>>> print(open('final-v3.cif').read())   # mmCIF, C-alpha atoms
data_input
#
loop_
_atom_site.label_atom_id
_atom_site.label_comp_id
_atom_site.auth_asym_id
_atom_site.auth_seq_id
_atom_site.Cartn_x
_atom_site.Cartn_y
_atom_site.Cartn_z
CA MET F 1 34.76 -16.76 -9.81
CA ALA F 2 34.01 -15.05 -6.49
CA ALA F 3 34.93 -11.39 -6.24
CA LYS F 4 37.80 -10.49 -3.90
CA PRO F 5 36.43 -9.00 -0.64
CA ARG F 6 36.70 -5.23 -0.47
CA PHE F 7 39.28 -3.94 2.02
CA ASP F 8 37.43 -3.19 5.29
CA GLY F 9 39.46 -0.18 6.39
CA GLU F 10 41.54 2.72 5.14
CA TRP F 11 45.12 3.40 4.10
CA VAL F 12 46.91 5.74 6.48
CA ARG F 13 50.45 7.10 6.34
CA LEU F 14 52.65 6.17 9.30
CA GLY F 15 53.33 9.83 10.03
CA GLU F 16 49.75 9.96 11.39
CA LEU F 17 50.22 6.86 13.54
CA THR F 18 53.75 7.15 14.95
CA SER F 19 55.99 9.58 16.80
CA CYS F 20 59.79 9.64 16.73
CA ILE F 21 61.55 9.06 20.06
CA SER F 22 65.02 10.56 20.57
CA LYS F 23 65.40 10.09 24.31
CA LYS F 24 69.08 9.62 25.22
CA ASN F 25 70.57 7.66 28.10
CA LYS F 26 72.05 10.92 29.40
CA ASP F 27 72.65 9.84 33.00
CA GLY F 28 73.95 6.42 31.90
CA ARG F 29 71.47 4.68 34.19
CA CYS F 30 70.60 1.96 31.66
CA ALA F 31 73.36 -0.53 30.80
CA THR F 32 71.19 -3.07 28.97
CA VAL F 33 72.60 -2.72 25.46
CA CYS F 34 70.63 -4.40 22.69
CA SER F 35 70.85 -4.98 18.98
CA VAL F 36 67.88 -5.36 16.64
CA THR F 37 68.04 -8.46 14.46
CA ASN F 38 65.89 -9.55 11.55
CA SER F 39 65.22 -13.00 13.04
CA GLN F 40 65.31 -12.64 16.84
CA GLY F 41 64.12 -9.08 17.38
CA PHE F 42 65.70 -7.30 20.34
CA VAL F 43 68.65 -9.29 21.71
CA LEU F 44 71.38 -8.46 24.21
CA SER F 45 74.43 -7.39 22.22
CA THR F 46 76.80 -9.45 24.38
CA GLU F 47 74.77 -12.60 23.66
CA PHE F 48 74.29 -11.95 19.95
CA PHE F 49 77.91 -11.06 19.14
CA THR F 50 79.53 -13.26 21.88
CA LYS F 51 81.73 -10.26 22.71
CA GLU F 52 81.36 -6.57 23.57
CA VAL F 53 81.07 -4.56 20.35
CA PHE F 54 79.44 -1.43 21.74
CA SER F 55 80.97 1.75 23.13
CA LYS F 56 81.90 2.03 26.80
CA GLU F 57 80.22 5.44 26.80
CA LEU F 58 76.48 4.74 26.83
CA ARG F 59 75.16 8.24 27.55
CA THR F 60 74.75 8.95 23.83
CA TYR F 61 72.78 5.74 23.28
CA LYS F 62 69.04 5.90 22.71
CA LEU F 63 66.55 4.60 25.26
CA VAL F 64 63.86 2.24 24.02
CA GLU F 65 60.96 1.69 26.42
CA ARG F 66 58.75 -1.37 26.43
CA ASN F 67 56.33 -1.52 23.45
CA GLN F 68 58.30 1.00 21.41
CA LEU F 69 59.84 -0.02 18.09
CA ALA F 70 63.35 0.49 16.76
CA TYR F 71 65.11 -0.25 13.51
CA ASN F 72 68.47 -0.02 11.82
CA PRO F 73 67.88 2.51 9.00
CA SER F 74 70.34 0.76 6.67
CA ARG F 75 69.08 -2.77 7.41
CA ILE F 76 65.32 -2.42 7.76
CA ASN F 77 65.17 -3.55 4.12
CA VAL F 78 66.14 -7.07 5.35
CA GLY F 79 63.76 -6.96 8.31
CA SER F 80 65.94 -5.46 11.06
CA ILE F 81 63.07 -3.85 12.96
CA ALA F 82 61.56 -5.08 16.22
CA LEU F 83 59.14 -4.37 19.06
CA GLN F 84 60.89 -3.91 22.41
CA ASP F 85 59.24 -6.41 24.75
CA ILE F 86 62.16 -7.78 26.81
CA ALA F 87 62.56 -5.11 29.53
CA ASP F 88 61.09 -1.86 30.83
CA GLU F 89 63.87 -0.06 28.98
CA VAL F 90 67.01 -0.89 27.02
CA VAL F 91 69.51 1.16 25.04
CA VAL F 92 70.49 0.88 21.40
CA SER F 93 73.10 2.50 19.17
CA PRO F 94 72.56 6.20 18.39
CA LEU F 95 72.29 5.13 14.73
CA TYR F 96 68.98 3.37 15.35
CA ILE F 97 65.62 5.05 14.86
CA VAL F 98 63.16 4.64 17.73
CA PHE F 99 59.45 5.38 17.50
CA ALA F 100 56.18 4.88 19.34
CA VAL F 101 52.77 4.11 17.84
CA ASP F 102 49.28 5.40 18.53
CA THR F 103 47.88 2.20 20.06
CA SER F 104 44.34 3.59 19.93
CA ARG F 105 44.49 3.21 16.15
CA ILE F 106 47.09 0.58 15.31
CA ASP F 107 48.36 -2.53 17.05
CA SER F 108 52.18 -2.46 17.41
CA SER F 109 52.54 -6.16 16.49
CA TYR F 110 50.36 -5.63 13.43
CA LEU F 111 52.54 -2.74 12.25
CA LEU F 112 55.71 -4.74 12.87
CA ARG F 113 54.50 -7.62 10.72
CA TYR F 114 53.39 -5.24 8.00
CA LEU F 115 56.84 -3.64 7.80
CA LYS F 116 58.50 -7.08 7.62
CA SER F 117 56.08 -8.41 4.98
CA ARG F 118 56.73 -8.29 1.24
CA PRO F 119 54.23 -5.44 0.66
CA GLY F 120 55.73 -3.52 3.57
CA LEU F 121 59.32 -4.10 2.44
CA LYS F 122 58.42 -2.75 -1.00
CA GLN F 123 57.25 0.45 0.67
CA VAL F 124 60.45 0.54 2.74
CA GLU F 125 62.52 0.31 -0.43
CA PHE F 126 60.45 2.94 -2.23
CA ASN F 127 60.81 5.46 0.61
CA SER F 128 64.50 4.86 1.33
CA ILE F 129 67.29 7.09 0.07
CA GLY F 130 70.93 6.46 -0.84
CA THR F 131 73.02 5.28 -3.77
CA VAL F 132 75.37 2.64 -2.33
CA ARG F 133 73.23 1.55 0.61
CA ASN F 134 69.54 2.38 1.02
CA ASN F 135 68.65 4.21 4.21
CA LEU F 136 65.16 4.72 5.65
CA LYS F 137 65.06 7.93 7.67
CA TYR F 138 62.12 8.60 10.00
CA ASP F 139 60.74 11.09 7.47
CA GLY F 140 60.70 8.26 4.93
CA LEU F 141 58.97 5.94 7.39
CA CYS F 142 56.26 8.57 7.86
CA GLN F 143 55.44 8.43 4.13
CA ILE F 144 54.71 4.68 4.17
CA PRO F 145 50.99 3.90 3.84
CA VAL F 146 49.60 1.05 5.96
CA PRO F 147 46.24 -0.77 5.57
CA LEU F 148 44.25 0.06 8.70
CA PRO F 149 41.23 -2.13 9.47
CA SER F 150 39.68 -2.09 12.96
CA LEU F 151 41.86 -2.97 15.96
CA GLU F 152 39.84 -6.16 16.39
CA VAL F 153 40.67 -7.25 12.83
CA GLN F 154 44.33 -6.25 13.25
CA ARG F 155 44.68 -8.37 16.39
CA SER F 156 42.90 -11.31 14.79
CA ARG F 157 45.35 -11.19 11.88
CA VAL F 158 48.31 -10.98 14.24
CA ARG F 159 47.09 -14.07 16.11
CA SER F 160 46.90 -16.02 12.85
CA LEU F 161 50.41 -14.95 11.84
CA ILE F 162 51.87 -15.66 15.29
CA ALA F 163 50.43 -19.19 15.19
CA LEU F 164 52.30 -19.85 11.93
CA GLU F 165 55.46 -18.16 13.24
CA THR F 166 55.38 -20.49 16.23
CA GLU F 167 55.09 -23.58 14.01
CA ILE F 168 57.94 -22.36 11.78
CA LYS F 169 60.13 -21.69 14.82
CA GLU F 170 59.42 -25.17 16.20
CA GLY F 171 60.48 -26.65 12.86
CA GLU F 172 63.70 -24.63 12.86
CA GLU F 173 64.44 -25.77 16.41
CA THR F 174 63.95 -29.37 15.28
CA LEU F 175 66.50 -28.82 12.50
CA SER F 176 68.97 -27.44 15.06
CA LYS F 177 68.44 -30.49 17.27
CA LEU F 178 69.10 -32.80 14.33
CA ASP F 179 72.38 -30.95 13.64
CA VAL F 180 73.38 -31.38 17.28
CA LEU F 181 72.46 -35.06 17.09
CA VAL F 182 74.87 -35.66 14.20
CA LYS F 183 77.67 -33.71 15.91
CA SER F 184 77.10 -35.67 19.12
CA ARG F 185 77.23 -38.95 17.23
CA PHE F 186 80.48 -37.86 15.58
CA ALA F 187 82.04 -37.05 18.97
CA GLU F 188 80.76 -40.32 20.45
CA MET F 189 82.20 -42.43 17.65
CA PHE F 190 85.52 -40.69 17.08
CA GLY F 191 86.36 -38.76 20.23
CA ASP F 192 88.51 -35.64 20.28
CA PHE F 193 90.88 -35.59 17.29
CA LYS F 194 93.27 -33.38 19.26
CA THR F 195 93.98 -36.10 21.82
CA ASN F 196 93.27 -39.01 19.45
CA PRO F 197 92.00 -41.28 22.28
CA TYR F 198 91.77 -44.33 20.00
CA SER F 199 95.36 -43.91 18.77
CA TRP F 200 94.42 -44.01 15.10
CA ASP F 201 97.19 -43.42 12.58
CA VAL F 202 97.52 -39.79 11.51
CA TYR F 203 97.37 -39.16 7.76
CA SER F 204 98.28 -36.06 5.78
CA PHE F 205 95.80 -34.42 3.41
CA ASN F 206 97.43 -35.71 0.22
CA GLN F 207 97.06 -39.28 1.54
CA PHE F 208 93.30 -39.17 2.15
CA ALA F 209 92.20 -36.58 -0.46
CA SER F 210 93.27 -34.41 -3.38
CA ILE F 211 92.35 -30.95 -4.66
CA ASP F 212 90.84 -31.64 -8.07
CA THR F 213 91.30 -28.35 -9.91
CA HIS F 214 90.07 -29.50 -13.32
CA MET F 215 89.04 -26.17 -14.87
CA THR F 216 86.87 -25.66 -17.92
CA LYS F 217 85.92 -22.79 -20.19
CA ASP F 218 83.70 -24.98 -22.33
CA TYR F 219 80.56 -22.94 -21.69
CA ALA F 220 78.62 -24.64 -24.49
CA SER F 221 79.02 -28.19 -23.16
CA PHE F 222 78.17 -27.08 -19.62
CA ALA F 223 75.44 -24.58 -20.58
CA ASP F 224 72.68 -26.46 -18.76
CA ALA F 225 74.86 -27.66 -15.89
CA PRO F 226 74.43 -26.21 -12.39
CA HIS F 227 76.80 -23.34 -11.59
CA VAL F 228 77.55 -23.27 -7.86
CA GLY F 229 78.99 -20.06 -6.45
CA ILE F 230 80.17 -19.78 -2.87
CA ASP F 231 77.05 -17.72 -2.08
CA SER F 232 75.04 -20.84 -2.90
CA ILE F 233 76.66 -22.80 -0.05
CA GLU F 234 74.99 -22.32 3.31
CA SER F 235 77.33 -21.74 6.23
CA CYS F 236 77.88 -24.67 8.61
CA THR F 237 75.23 -26.96 7.06
CA GLY F 238 76.68 -27.02 3.54
CA GLU F 239 73.20 -26.96 2.00
CA LEU F 240 73.25 -25.93 -1.67
CA ILE F 241 70.67 -23.22 -2.33
CA GLY F 242 69.77 -20.72 -5.03
CA TYR F 243 72.20 -21.83 -7.70
CA ARG F 244 71.42 -21.53 -11.41
CA THR F 245 72.79 -22.93 -14.66
CA VAL F 246 75.92 -21.80 -16.51
CA ARG F 247 73.69 -20.29 -19.22
CA GLU F 248 71.48 -18.43 -16.73
CA ASP F 249 74.54 -16.93 -15.01
CA ASN F 250 76.15 -16.06 -18.34
CA VAL F 251 79.42 -17.59 -17.14
CA ARG F 252 82.52 -16.31 -18.95
CA SER F 253 85.44 -17.16 -16.64
CA GLY F 254 87.05 -20.51 -15.92
CA LYS F 255 85.21 -22.81 -13.50
CA TYR F 256 86.09 -26.04 -11.73
CA VAL F 257 84.25 -29.22 -12.69
CA PHE F 258 82.75 -31.32 -9.89
CA GLY F 259 80.56 -34.40 -9.49
CA PRO F 260 78.84 -36.41 -6.74
CA ASP F 261 82.19 -37.81 -5.58
CA HIS F 262 83.52 -34.35 -4.67
CA ILE F 263 83.35 -32.03 -1.69
CA ILE F 264 83.05 -28.34 -2.57
CA TYR F 265 85.03 -26.21 -0.11
CA SER F 266 84.88 -22.40 -0.17
CA LYS F 267 88.40 -21.04 0.19
CA ILE F 268 87.14 -17.46 0.71
CA ARG F 269 86.38 -16.39 4.30
CA PRO F 270 86.87 -19.87 5.80
CA ALA F 271 85.28 -18.82 9.11
CA LEU F 272 81.93 -19.05 7.30
CA ASN F 273 82.51 -22.81 7.21
CA LYS F 274 81.09 -23.56 3.75
CA VAL F 275 81.58 -27.25 2.96
CA ALA F 276 79.08 -28.80 0.50
CA LEU F 277 78.29 -32.35 -0.61
CA PRO F 278 76.80 -32.17 -4.12
CA ASP F 279 74.83 -35.15 -5.45
CA PHE F 280 75.03 -33.95 -9.07
CA GLU F 281 77.55 -32.85 -11.70
CA GLY F 282 78.27 -29.20 -12.43
CA VAL F 283 80.84 -26.43 -12.24
CA CYS F 284 81.76 -24.28 -9.27
CA SER F 285 83.38 -20.92 -8.66
CA ALA F 286 87.16 -20.69 -8.74
CA ASP F 287 86.77 -19.30 -5.21
CA ALA F 288 86.08 -22.89 -4.11
CA TYR F 289 88.11 -26.11 -4.21
CA PRO F 290 86.57 -29.38 -5.45
CA ILE F 291 88.07 -31.97 -3.10
CA LEU F 292 88.19 -35.66 -4.08
CA PRO F 293 88.52 -38.07 -1.13
CA ASN F 294 90.63 -41.22 -1.55
CA LYS F 295 87.87 -43.84 -1.38
CA ARG F 296 90.27 -46.52 -0.15
CA LEU F 297 90.95 -44.54 3.02
CA CYS F 298 88.37 -41.81 3.50
CA ASN F 299 84.59 -41.53 3.30
CA ARG F 300 83.32 -38.34 1.68
CA VAL F 301 80.62 -37.59 4.27
CA PHE F 302 83.04 -38.24 7.12
CA LEU F 303 85.62 -35.87 5.63
CA ALA F 304 83.02 -33.13 5.11
CA TYR F 305 82.04 -33.29 8.78
CA VAL F 306 85.69 -33.11 9.81
CA MET F 307 86.11 -30.02 7.63
CA ARG F 308 83.12 -28.38 9.35
CA SER F 309 84.51 -29.21 12.79
CA ASP F 310 86.37 -26.99 15.26
CA TYR F 311 89.38 -29.28 14.80
CA PHE F 312 89.74 -28.24 11.16
CA LEU F 313 88.80 -24.58 11.73
CA GLU F 314 91.39 -24.19 14.48
CA TYR F 315 94.00 -25.39 12.00
CA ILE F 316 92.94 -23.45 8.89
CA LEU F 317 91.85 -20.04 10.22
CA PRO F 318 95.30 -18.86 11.38
CA LEU F 319 96.66 -19.75 7.91
CA SER F 320 94.03 -17.89 5.88
CA GLY F 321 95.71 -14.45 6.19
CA ARG F 322 94.28 -11.30 4.56
CA ALA F 323 92.49 -9.23 7.17
CA GLN F 324 90.04 -7.81 4.61
CA MET F 325 89.29 -11.03 2.70
CA PRO F 326 90.71 -14.17 4.34
CA LYS F 327 91.53 -16.90 1.83
CA VAL F 328 92.85 -20.46 2.06
CA ASN F 329 95.57 -21.43 -0.42
CA LYS F 330 96.40 -24.95 -1.58
CA LYS F 331 99.55 -25.18 0.50
CA ALA F 332 97.65 -24.46 3.71
CA LEU F 333 94.91 -26.95 2.89
CA MET F 334 97.36 -29.68 1.93
CA GLY F 335 99.21 -29.17 5.21
CA PHE F 336 96.20 -30.45 7.15
CA SER F 337 96.44 -33.85 8.82
CA MET F 338 94.12 -35.88 11.04
CA PRO F 339 93.66 -39.25 12.74
CA LEU F 340 91.87 -41.60 10.36
CA PRO F 341 89.43 -44.15 11.83
CA PRO F 342 88.78 -47.44 9.99
CA LEU F 343 86.77 -46.98 6.80
CA THR F 344 83.98 -49.22 8.14
CA LEU F 345 83.53 -46.87 11.10
CA GLN F 346 83.50 -43.83 8.81
CA GLN F 347 80.82 -45.52 6.69
CA GLU F 348 78.75 -46.28 9.78
CA PHE F 349 78.78 -42.57 10.63
CA ALA F 350 77.91 -41.64 7.03
CA ASP F 351 74.90 -44.02 7.13
CA PHE F 352 73.73 -42.43 10.37
CA ALA F 353 74.09 -38.93 8.89
CA ALA F 354 72.10 -40.02 5.82
CA GLU F 355 69.19 -41.17 8.01
CA VAL F 356 69.21 -37.86 9.86
CA ASP F 357 69.27 -36.04 6.51
CA LYS F 358 66.03 -37.80 5.56
CA SER F 359 64.41 -36.40 8.69
CA ARG F 360 65.89 -32.97 7.95
CA PHE F 361 64.40 -33.06 4.45
CA ILE F 362 60.91 -33.83 5.80
CA VAL F 363 61.09 -31.07 8.41
CA GLN F 364 62.49 -28.60 5.87
CA GLN F 365 59.58 -29.33 3.52
CA GLN F 366 57.12 -28.68 6.35
CA ILE F 367 58.81 -25.36 7.13
CA GLU F 368 58.69 -24.31 3.48
CA LYS F 369 54.95 -25.11 3.27
CA LEU F 370 54.30 -23.12 6.45
CA GLN F 371 56.36 -20.20 5.13
CA MET F 372 54.39 -20.21 1.86
CA LEU F 373 51.14 -20.11 3.83
CA TYR F 374 52.51 -17.30 6.01
CA ASP F 375 53.58 -15.25 2.97
CA SER F 376 50.21 -15.83 1.35
CA LEU F 377 48.33 -14.63 4.43
CA ALA F 378 50.60 -11.60 4.82
CA GLN F 379 50.03 -10.72 1.17
CA GLU F 380 46.26 -10.97 1.71
CA TYR F 381 46.31 -8.95 4.93
CA PHE F 382 48.68 -6.17 3.82
CA SER F 383 47.98 -5.62 0.12
#
>>> encode(input="final-v3.cif", output="structure tokens")
Amino acid sequence: MAAKPRFDGEWVRLGELTSCISKKNKDGRCATVCSVTNSQGFVLSTEFFTKEVFSKELRTYKLVERNQLAYNPSRINVGSIALQDIADEVVVSPLYIVFAVDTSRIDSSYLLRYLKSRPGLKQVEFNSIGTVRNNLKYDGLCQIPVPLPSLEVQRSRVRSLIALETEIKEGEETLSKLDVLVKSRFAEMFGDFKTNPYSWDVYSFNQFASIDTHMTKDYASFADAPHVGIDSIESCTGELIGYRTVREDNVRSGKYVFGPDHIIYSKIRPALNKVALPDFEGVCSADAYPILPNKRLCNRVFLAYVMRSDYFLEYILPLSGRAQMPKVNKKALMGFSMPLPPLTLQQEFADFAAEVDKSRFIVQQQIEKLQMLYDSLAQEYFS
């Protein structure tokens, strides 16, 4: 077995390579307010949040010049750090930490990718402080060691990582286009449910579906069955991810039983739009409702797409109450009604969605392979 190549550089603490920047927007000349995200880097706050969430008084905000870095000290552990490359200068919240790097020794893009990699995030965690929420102060950042090969090697590694990032992003954009395709097909086939242009009969919830709250505490019989919590349902897409078995989760409270005929709908925080279509049997959190469509009137896939639509959200959100933790009760859900197209037309849409799902699955597999390769390279470069 070939020996692992020896690291061709040195380990240097970031205190030797960076300098903290605390320049304020004292004269208020800069009004370009940004947020730092873990997926998009620097983004305009008004675009990211769709509304103004920042203070009107910007003179206390910190200036970030082009090629400087900034991070949220309580969210850097999930990758909320970015290189400012969108304008000559922007401003960020006073809570952010801004710093510059010694570009004669370290490439800014190389450092950014190190701090977002698994080895880098481990160092972030180790040097953070706090009991409830970890916080990485600038002093803690300075203690983080970074592998420092030559600038030529750093830039070569960055190019390799950027090439993979580009492919991953293209795959994610393809997934978004496929989602839009299904939504467009839905609108094309069924029109706007508010105006009901095809004059379909309107049915109440209890006519086309039921809430099947069959609860079990039989942990032994369901020990190896999947246990789906609401955290396992991806917002908007309904993809089921990261769930484990009843035994693995050491379940001790009552759970609802579901199967491949059900829809799993999260009744907690309905704005997150968590509507899943399981293709297996299992149990789900009591914070969700297993919904059983009436097969004589309503197709399961069709109903799930309706429940993810603006038409359903505009009905259910005002009824969810609870400012701190909005929740949908049975009465509110059963008060929902909608125009119901012919079952054959619903099935036609479901068949179309199934074909698109096949394409989604292929693209998702490609993204996962690329991400594994990316993680492997980052581990090799930064360990």
>>> atom_distance(input="final-v3.cif", atom1="atom CA of Tyr243 of chain F", atom2="atom CA of Gly229 of chain F")
7.1 Å
>>> resolve_selection(input="final-v3.cif", expression="the PyMOL selection byres ((chain F and resi 223) around 9)", output="list in words")
Asp218, Tyr219, Ala220, Ser221, Phe222, Asp224, Ala225, Pro226, Thr245, Val246, Arg247, Glu248, Asn250 and Val251 of chain F
>>> closest_residue(input="final-v3.cif", among="F:Ile362, F:Ile316, F:Leu63, F:Ile241", to="Phe99 of chain F", atoms="all atoms listed in the file")
F:Leu63
>>> residues_around(input="final-v3.cif", residues="Thr216 of chain F", least_positions_apart="5", cutoff="9 Å", atoms="only C-alpha atoms", output="list of chain:residue names")
F:Phe222, F:Ser253, F:Gly254, F:Lys255, F:Tyr256, F:Val257, F:Val283
>>> atom_distance(input="final-v3.cif", atom1="atom CA of Glu172 of chain F", atom2="atom CA of Glu380 of chain F")
24.8 Å
>>> residues_around(input="final-v3.cif", residues="Leu175 of chain F", least_positions_apart="5", cutoff="12 Å", atoms="only C-alpha atoms", output="list of chain:residue names")
F:Ile168, F:Lys169, F:Glu170, F:Val180, F:Leu181, F:Val182, F:Thr237, F:Val356, F:Asp357, F:Lys358, F:Ser359, F:Arg360, F:Phe361, F:Ile362, F:Val363, F:Gln364, F:Gln365, F:Gln366, F:Ile367
>>> closest_residue(input="final-v3.cif", among="F:Gly238, F:Ile291, F:Ala286, F:Leu151", to="Gly259 of chain F", atoms="only C-alpha atoms")
F:Ile291
>>> resolve_selection(input="final-v3.cif", expression="the PyMOL selection byres ((chain F and resi 113) around 12)", output="MDAnalysis selection string")
chainID F and resid 38 41 69 79:83 106:112 114:121 146:147 154:155 157:162 165 374:375 377:379 381:382
